[in-house]
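Reading through the structure tokens given below for one structure.
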Amino acid sequence: MAITNAEIAKMFNEYADLLEIKGENPFKVRAYRNAARTVENIGKSLEELVKEGYDLTKLPGIGTDLSLYIKEIVTTGKFSKLEALKEEIPPSLVEMLSIEGLGPKRIRTLYEKLHIQSMEDLRRAAESGEILKLPGFGPTLVQKILKGIRLLKKAGHRFKWSEAKEYVEDLLGYLRQIELTYLEVAGSYRRKKETVGDLDILATAKDFSEVIRHFVKYPKIKEVVSAGSTRSTVILNNDLQVDLRSVEDESYGSALHYFTGSKDHNIAVRKLAIELGLKVNEYGVFRGEERIAGKTEEEVYKAVGLCYIEPELRENRGEIEACKAGKLPKLVELGDIRGDLHMHTRYSDGKNSIEEMAMAAKELGYDYIAITDHSQRLTVAKGLDEKRALEEIEQIRRIDEKIDGITILAGMEVDILEDGSLDMSDKVLSQLDVVLVAVHYKFNLSKEQQTKRILKAFENPYVNILAHPTGRMIGMREPMELDMERILAKAKEYNIHMEINAQPERLDLTDIHAKMAKEMGVKMAINTDSHNLFSLHYMEYGVNQARRGWCEKIDIINTRSLKELKKLLQR
DNA sequence: GCCGTTTTCGGCCCGACTGTTTTCAGTCG
């Protein structure tokens, strides 16, 4: 049974949680969390690496012990130290960490003094007043715990970046009603992460207490959690948490850097600072008492010997080393995109006509689009059989002739059948300008079978792009199990491109896989997979993901002129 | 538990806010 990196990371994180409740050395706890982070980000399957005999201690944060544990997990599927610790500390306590106000220390106290082991125990002890008798537990905290228990089922919800954007725009509009010097959303939103857990907003103003007073009166607030002199936290009606913070103007850059994160990136930057005898915090870069930088982010980076690093890269995935080596990518931008190579029309499950899609794309300033309706197996989507496919190709050619200012390419999104064969004859494929292939059913094949299925599809000489490669849907469907490295290697060999699907719940390839593709020399296409003309603007989300994956203009085929694109579509 | 041309031992990022205290621990980001 194959074990994924995500599963290994989860074990390390759970182990760290239990260690923390146990009261272990906090640095040991951190070591496990760092290792979990490395495991999540590595891209390559640890199982494969172990099989190849790769020296795991070469990975950051993995030393002799953790490399042995990884080997154990990969070969046995179990982490014996975790199993043992679960015997000692009830794993149900971990769940309580997600209650606001309860951390490892208090949970430990509750367990040791009152033998509380379950949510139900906790609720009973809170209601009976038993908890009140414990030192350090007052009435406010008890109320907070009770509320936390009620909210728990909603906890952990993350908002898609596209959703968060709508709330951000409304809230920023409201905040701008009063005079501000600076206003910017930091956090994972600024890093363009595919989902965001909360919003971190940074603002400066002459009178910040007035900003806080205004902020907590925002009409869409459900609850004001805290309101101090420099920061305030509220929960919106939709359960999105928003933190508003402020600093003096001369600290704006360091505060923006600090609140943008990621945490791992910040820690790495602080370590650099320490090596230089400096201290970095949200107020600036300090040598002793003296502030030597802080007004802008550029200043902060410069003070620690780095160049400016784009927010999308700040995940401690090598950006600091790349910067030192002068090898930071110049990230692709929305304005670089010259066409969209994946969209549907009424021929299959789209809502608009070929002509309507083309006109809308022309409005966006594109040079070309590809119409890529579904093939017949996807009956729910009115997939095309050979006859209708030929009919649509003819239509596309006719409309392309008629419309000036944009080229309409004839394409198709062809299903990859279970055995890896394609759901359309070569006769039709040979007439298309661009052929996308995709998996739409049987997502749960074994890793080996699924990988072979896709590699088999690559054998067909007409295939150009693998659409939404893993099939994942954020919060709804897990990615298929795939040997991405083998797929990318084959794609490179055959001149097949990977899609970065821009649908906000797909964003597939992920950032990590996009970076891996780039490193392996595989090119990508950022496509909206639009089913109506309004979703053509999803391109922004795809570009965000590509930027997080370190992609430059050159890595993305639909930044090319039509002529160059056509060359890249030759097998 | 990890890491290292200042170190194989002794470090490991840093500060705000809250609630419970009477000077601070715990939590959070």
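Identifiers for the structure tokens are assigned positionally: chains receive A, B, ... in sequence, residues are indexed from 1 per chain, and ligands are indexed from 1 in the order shown.
Using only C-alpha atoms (C1' of nucleotides), the residues found no farther than 6 Å from Ser375 of chain A, other than those of its own chain fewer than 3 positions away, are Gly383, Leu384 and Val414 of chain A.
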Kindly provide the residues of chain B that approach chain A to within 6 Å, each paired with its closest atom pair and their distance in Å to one decimal, based on only C-alpha atoms (C1' of nucleotides), listed by chain and increasing number, as CSV.
residue,atom,partner,partner_atom,distance
B:DG1,C1',A:Lys28,CA,5.0
B:DC2,C1',A:Gly61,CA,5.9
B:DC13,C1',A:Ile267,CA,5.7
B:DT20,C1',A:Gly136,CA,6.0
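You can rank A:Ile116, A:Ala2, A:Leu533, A:Ala303 by their closest distance to Met359 of chain A using only C-alpha atoms, and at the top of that list sits A:Leu533.
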Excluding Ile487 of chain A and residues on its chain fewer than 2 positions from it, collect all residues at most 8 Å away from it, counting only C-alpha atoms (C1' of nucleotides), and give them as a ChimeraX atom specification.
/A:451,454-455,483-485,489-491
Emit the selected residues as a tab-separated table (two decimals), in the first residue's frame, including C-alpha atoms.
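Final file, selection26.tsv:
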chain	number	residue	atom	x	y	z
A	451	THR	CA	0.40	6.40	-13.83
A	454	ILE	CA	-1.66	8.37	-18.36
A	455	LEU	CA	1.69	7.31	-19.80
A	483	ASP	CA	3.97	9.12	-9.98
A	484	MET	CA	4.34	12.72	-11.04
A	485	GLU	CA	8.04	12.44	-11.65
A	489	ALA	CA	9.86	12.80	-17.42
A	490	LYS	CA	7.73	11.25	-20.16
A	491	ALA	CA	6.09	14.57	-20.94
Alpha helix (DSSP H) positions in segment 33-216 of chain A, given as a short mmCIF file (atom, residue, chain, number, x, y, z; two decimals) with N, CA and C atoms, in the first residue's frame:
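states.cif written:
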data_model
loop_
_atom_site.label_atom_id
_atom_site.label_comp_id
_atom_site.auth_asym_id
_atom_site.auth_seq_id
_atom_site.Cartn_x
_atom_site.Cartn_y
_atom_site.Cartn_z
N ARG A 33 7.79 19.33 13.44
CA ARG A 33 6.98 20.16 12.55
C ARG A 33 7.77 20.60 11.32
N ASN A 34 9.04 20.95 11.54
CA ASN A 34 9.89 21.30 10.41
C ASN A 34 10.01 20.14 9.43
N ALA A 35 10.17 18.96 9.99
CA ALA A 35 10.30 17.77 9.15
C ALA A 35 9.01 17.56 8.36
N ALA A 36 7.87 17.75 9.01
CA ALA A 36 6.57 17.59 8.34
C ALA A 36 6.48 18.56 7.17
N ARG A 37 6.94 19.76 7.42
CA ARG A 37 6.93 20.80 6.39
C ARG A 37 7.80 20.40 5.19
N THR A 38 8.99 19.92 5.49
CA THR A 38 9.88 19.47 4.42
C THR A 38 9.22 18.36 3.60
N VAL A 39 8.64 17.41 4.31
CA VAL A 39 8.02 16.27 3.65
C VAL A 39 6.89 16.73 2.72
N GLU A 40 6.11 17.68 3.17
CA GLU A 40 5.00 18.20 2.35
C GLU A 40 5.50 18.90 1.09
N ASN A 41 6.63 19.56 1.21
CA ASN A 41 7.08 20.43 0.12
C ASN A 41 8.00 19.76 -0.88
N LEU A 46 8.53 10.31 -1.18
CA LEU A 46 9.54 9.78 -0.27
C LEU A 46 9.68 8.27 -0.43
N GLU A 47 8.56 7.65 -0.73
CA GLU A 47 8.59 6.20 -0.94
C GLU A 47 9.58 5.86 -2.06
N GLU A 48 9.49 6.63 -3.16
CA GLU A 48 10.40 6.41 -4.29
C GLU A 48 11.83 6.69 -3.86
N LEU A 49 12.02 7.80 -3.14
CA LEU A 49 13.37 8.17 -2.73
C LEU A 49 14.00 7.09 -1.87
N VAL A 50 13.20 6.53 -0.96
CA VAL A 50 13.72 5.47 -0.10
C VAL A 50 14.10 4.27 -0.94
N LYS A 51 13.24 3.92 -1.90
CA LYS A 51 13.53 2.79 -2.79
C LYS A 51 14.83 2.99 -3.56
N THR A 64 19.51 12.04 11.34
CA THR A 64 19.62 10.58 11.40
C THR A 64 18.34 9.93 11.92
N ASP A 65 17.79 10.48 12.99
CA ASP A 65 16.59 9.87 13.58
C ASP A 65 15.41 9.92 12.62
N LEU A 66 15.12 11.13 12.16
CA LEU A 66 13.93 11.28 11.31
C LEU A 66 14.06 10.50 10.00
N SER A 67 15.25 10.36 9.49
CA SER A 67 15.39 9.59 8.25
C SER A 67 15.04 8.12 8.51
N LEU A 68 15.41 7.65 9.69
CA LEU A 68 15.05 6.27 10.05
C LEU A 68 13.54 6.12 10.19
N TYR A 69 12.91 7.14 10.81
CA TYR A 69 11.46 7.07 11.00
C TYR A 69 10.74 7.08 9.65
N ILE A 70 11.25 7.88 8.73
CA ILE A 70 10.64 7.92 7.40
C ILE A 70 10.75 6.55 6.74
N LYS A 71 11.91 5.96 6.86
CA LYS A 71 12.10 4.62 6.27
C LYS A 71 11.13 3.63 6.90
N GLU A 72 10.98 3.74 8.20
CA GLU A 72 10.05 2.84 8.89
C GLU A 72 8.63 3.02 8.36
N ILE A 73 8.21 4.27 8.25
CA ILE A 73 6.84 4.55 7.81
C ILE A 73 6.62 4.06 6.38
N VAL A 74 7.59 4.30 5.53
CA VAL A 74 7.46 3.91 4.13
C VAL A 74 7.39 2.38 3.99
N THR A 75 8.18 1.67 4.79
CA THR A 75 8.20 0.22 4.63
C THR A 75 7.09 -0.48 5.40
N THR A 76 6.72 0.04 6.59
CA THR A 76 5.71 -0.67 7.38
C THR A 76 4.35 0.02 7.36
N SER A 80 6.08 3.73 14.72
CA SER A 80 5.91 3.06 16.02
C SER A 80 5.98 4.02 17.20
N LYS A 81 6.82 5.05 17.08
CA LYS A 81 6.90 6.01 18.19
C LYS A 81 5.56 6.74 18.38
N LEU A 82 4.88 7.00 17.27
CA LEU A 82 3.58 7.65 17.36
C LEU A 82 2.57 6.72 18.03
N GLU A 83 2.59 5.46 17.61
CA GLU A 83 1.68 4.48 18.20
C GLU A 83 1.91 4.40 19.72
N ALA A 84 3.19 4.38 20.10
CA ALA A 84 3.52 4.26 21.53
C ALA A 84 3.06 5.49 22.30
N LEU A 85 3.28 6.66 21.70
CA LEU A 85 2.91 7.90 22.39
C LEU A 85 1.39 8.01 22.56
N LYS A 86 0.69 7.45 21.58
CA LYS A 86 -0.78 7.46 21.66
C LYS A 86 -1.27 6.63 22.85
N GLU A 87 -0.48 5.64 23.23
CA GLU A 87 -0.83 4.83 24.40
C GLU A 87 -0.68 5.67 25.68
N GLU A 88 0.30 6.57 25.62
CA GLU A 88 0.64 7.35 26.79
C GLU A 88 -0.26 8.59 26.93
N SER A 92 -7.18 11.82 21.59
CA SER A 92 -8.36 12.69 21.53
C SER A 92 -8.05 14.09 22.05
N LEU A 93 -6.98 14.20 22.84
CA LEU A 93 -6.61 15.52 23.37
C LEU A 93 -6.16 16.47 22.26
N VAL A 94 -5.61 15.87 21.19
CA VAL A 94 -5.10 16.68 20.08
C VAL A 94 -6.20 17.57 19.49
N GLU A 95 -7.38 16.99 19.41
CA GLU A 95 -8.52 17.71 18.85
C GLU A 95 -8.80 19.02 19.60
N PRO A 104 -1.43 23.52 24.45
CA PRO A 104 -0.93 22.29 25.05
C PRO A 104 -0.85 22.33 26.58
N LYS A 105 -0.44 23.46 27.14
CA LYS A 105 -0.28 23.52 28.60
C LYS A 105 -1.61 23.34 29.32
N ARG A 106 -2.60 24.09 28.87
CA ARG A 106 -3.90 24.00 29.55
C ARG A 106 -4.55 22.65 29.33
N ILE A 107 -4.38 22.10 28.14
CA ILE A 107 -4.95 20.78 27.88
C ILE A 107 -4.31 19.75 28.81
N ARG A 108 -3.02 19.90 28.99
CA ARG A 108 -2.31 18.98 29.88
C ARG A 108 -2.83 19.12 31.31
N THR A 109 -3.00 20.35 31.76
CA THR A 109 -3.54 20.58 33.10
C THR A 109 -4.91 19.92 33.25
N LEU A 110 -5.77 20.13 32.24
CA LEU A 110 -7.12 19.56 32.29
C LEU A 110 -7.06 18.04 32.37
N TYR A 111 -6.12 17.47 31.62
CA TYR A 111 -6.00 16.01 31.60
C TYR A 111 -5.45 15.48 32.94
N GLU A 112 -4.42 16.16 33.45
CA GLU A 112 -3.79 15.66 34.66
C GLU A 112 -4.63 15.88 35.91
N LYS A 113 -5.25 17.05 36.01
CA LYS A 113 -5.98 17.37 37.24
C LYS A 113 -7.41 16.83 37.21
N LEU A 114 -8.05 16.89 36.04
CA LEU A 114 -9.46 16.50 35.98
C LEU A 114 -9.72 15.27 35.12
N MET A 119 -14.07 15.60 24.27
CA MET A 119 -14.81 16.85 24.14
C MET A 119 -15.97 16.87 25.13
N GLU A 120 -16.58 15.69 25.31
CA GLU A 120 -17.74 15.58 26.20
C GLU A 120 -17.30 15.81 27.66
N ASP A 121 -16.18 15.22 28.05
CA ASP A 121 -15.61 15.46 29.40
C ASP A 121 -15.40 16.95 29.61
N LEU A 122 -14.85 17.57 28.57
CA LEU A 122 -14.49 18.97 28.67
C LEU A 122 -15.74 19.83 28.87
N ARG A 123 -16.76 19.54 28.08
CA ARG A 123 -17.99 20.31 28.16
C ARG A 123 -18.61 20.18 29.55
N ARG A 124 -18.65 18.95 30.04
CA ARG A 124 -19.26 18.70 31.35
C ARG A 124 -18.51 19.47 32.45
N ALA A 125 -17.16 19.35 32.39
CA ALA A 125 -16.36 20.01 33.43
C ALA A 125 -16.48 21.53 33.35
N ALA A 126 -16.65 22.04 32.15
CA ALA A 126 -16.79 23.49 31.99
C ALA A 126 -18.14 23.94 32.54
N GLU A 127 -19.18 23.18 32.24
CA GLU A 127 -20.52 23.56 32.69
C GLU A 127 -20.70 23.40 34.20
N SER A 128 -20.05 22.38 34.76
CA SER A 128 -20.23 22.13 36.20
C SER A 128 -19.42 23.10 37.06
N PRO A 139 -13.45 32.64 34.72
CA PRO A 139 -14.77 32.52 34.10
C PRO A 139 -14.77 32.85 32.60
N THR A 140 -13.98 33.84 32.20
CA THR A 140 -13.97 34.20 30.77
C THR A 140 -13.44 33.06 29.92
N LEU A 141 -12.38 32.45 30.42
CA LEU A 141 -11.77 31.35 29.69
C LEU A 141 -12.75 30.18 29.57
N VAL A 142 -13.48 29.91 30.65
CA VAL A 142 -14.45 28.81 30.64
C VAL A 142 -15.52 29.06 29.57
N GLN A 143 -16.01 30.30 29.51
CA GLN A 143 -17.00 30.65 28.48
C GLN A 143 -16.42 30.47 27.08
N LYS A 144 -15.15 30.85 26.94
CA LYS A 144 -14.47 30.73 25.66
C LYS A 144 -14.36 29.25 25.24
N ILE A 145 -14.08 28.42 26.21
CA ILE A 145 -13.96 26.98 25.93
C ILE A 145 -15.31 26.42 25.47
N LEU A 146 -16.37 26.81 26.18
CA LEU A 146 -17.70 26.30 25.81
C LEU A 146 -18.06 26.75 24.39
N LYS A 147 -17.71 27.97 24.09
CA LYS A 147 -18.00 28.47 22.75
C LYS A 147 -17.16 27.73 21.72
N GLY A 148 -15.92 27.50 22.09
CA GLY A 148 -15.01 26.79 21.20
C GLY A 148 -15.52 25.40 20.85
N ILE A 149 -16.09 24.72 21.83
CA ILE A 149 -16.63 23.38 21.58
C ILE A 149 -17.76 23.46 20.56
N ARG A 150 -18.62 24.46 20.74
CA ARG A 150 -19.75 24.61 19.80
C ARG A 150 -19.26 24.91 18.38
N LEU A 151 -18.20 25.68 18.29
CA LEU A 151 -17.71 26.11 16.97
C LEU A 151 -16.84 25.06 16.29
N TRP A 161 -8.93 31.17 -2.49
CA TRP A 161 -8.37 32.51 -2.68
C TRP A 161 -9.38 33.40 -3.41
N SER A 162 -10.03 32.83 -4.40
CA SER A 162 -10.99 33.60 -5.20
C SER A 162 -12.16 34.10 -4.34
N GLU A 163 -12.60 33.26 -3.40
CA GLU A 163 -13.68 33.67 -2.48
C GLU A 163 -13.19 34.80 -1.59
N ALA A 164 -12.01 34.60 -1.02
CA ALA A 164 -11.45 35.59 -0.11
C ALA A 164 -11.33 36.94 -0.81
N LYS A 165 -11.01 36.89 -2.10
CA LYS A 165 -10.83 38.14 -2.86
C LYS A 165 -12.10 38.99 -2.81
N GLU A 166 -13.24 38.36 -2.93
CA GLU A 166 -14.50 39.11 -2.90
C GLU A 166 -14.66 39.84 -1.57
N TYR A 167 -14.38 39.14 -0.48
CA TYR A 167 -14.53 39.75 0.84
C TYR A 167 -13.50 40.86 1.02
N VAL A 168 -12.29 40.61 0.53
CA VAL A 168 -11.23 41.59 0.67
C VAL A 168 -11.61 42.90 0.01
N GLU A 169 -12.13 42.80 -1.20
CA GLU A 169 -12.43 44.03 -1.92
C GLU A 169 -13.49 44.87 -1.20
N ASP A 170 -14.49 44.19 -0.67
CA ASP A 170 -15.54 44.90 0.06
C ASP A 170 -15.00 45.55 1.33
N LEU A 171 -14.21 44.76 2.07
CA LEU A 171 -13.68 45.27 3.33
C LEU A 171 -12.70 46.43 3.13
N LEU A 172 -11.84 46.31 2.11
CA LEU A 172 -10.89 47.39 1.86
C LEU A 172 -11.63 48.67 1.48
N GLY A 173 -12.69 48.51 0.71
CA GLY A 173 -13.51 49.67 0.34
C GLY A 173 -14.05 50.36 1.58
N TYR A 174 -14.50 49.56 2.55
CA TYR A 174 -15.03 50.11 3.79
C TYR A 174 -13.94 50.82 4.59
N LEU A 175 -12.77 50.16 4.70
CA LEU A 175 -11.68 50.76 5.50
C LEU A 175 -11.22 52.09 4.90
N GLY A 187 -0.25 38.31 4.72
CA GLY A 187 -0.61 36.91 4.95
C GLY A 187 -0.64 36.04 3.70
N SER A 188 -1.29 34.89 3.85
CA SER A 188 -1.32 33.93 2.74
C SER A 188 -2.09 34.50 1.55
N TYR A 189 -2.97 35.44 1.81
CA TYR A 189 -3.68 36.08 0.70
C TYR A 189 -2.70 36.79 -0.22
N ARG A 190 -1.76 37.50 0.36
CA ARG A 190 -0.77 38.21 -0.46
C ARG A 190 0.17 37.23 -1.15
N PHE A 208 -4.38 55.79 14.74
CA PHE A 208 -4.78 54.42 14.47
C PHE A 208 -5.95 53.95 15.33
N SER A 209 -6.10 54.54 16.51
CA SER A 209 -7.23 54.12 17.35
C SER A 209 -8.56 54.39 16.64
N GLU A 210 -8.56 55.42 15.81
CA GLU A 210 -9.77 55.71 15.04
C GLU A 210 -10.01 54.61 14.00
N VAL A 211 -8.91 54.10 13.43
CA VAL A 211 -9.03 53.02 12.44
C VAL A 211 -9.65 51.80 13.09
N ILE A 212 -9.16 51.45 14.28
CA ILE A 212 -9.70 50.30 15.00
C ILE A 212 -11.19 50.52 15.30
N ARG A 213 -11.53 51.70 15.76
CA ARG A 213 -12.94 52.00 16.07
C ARG A 213 -13.81 51.82 14.82
N HIS A 214 -13.31 52.29 13.69
CA HIS A 214 -14.04 52.17 12.43
C HIS A 214 -14.14 50.70 12.02
N PHE A 215 -13.01 50.01 12.11
CA PHE A 215 -12.93 48.60 11.69
C PHE A 215 -13.96 47.74 12.42
#
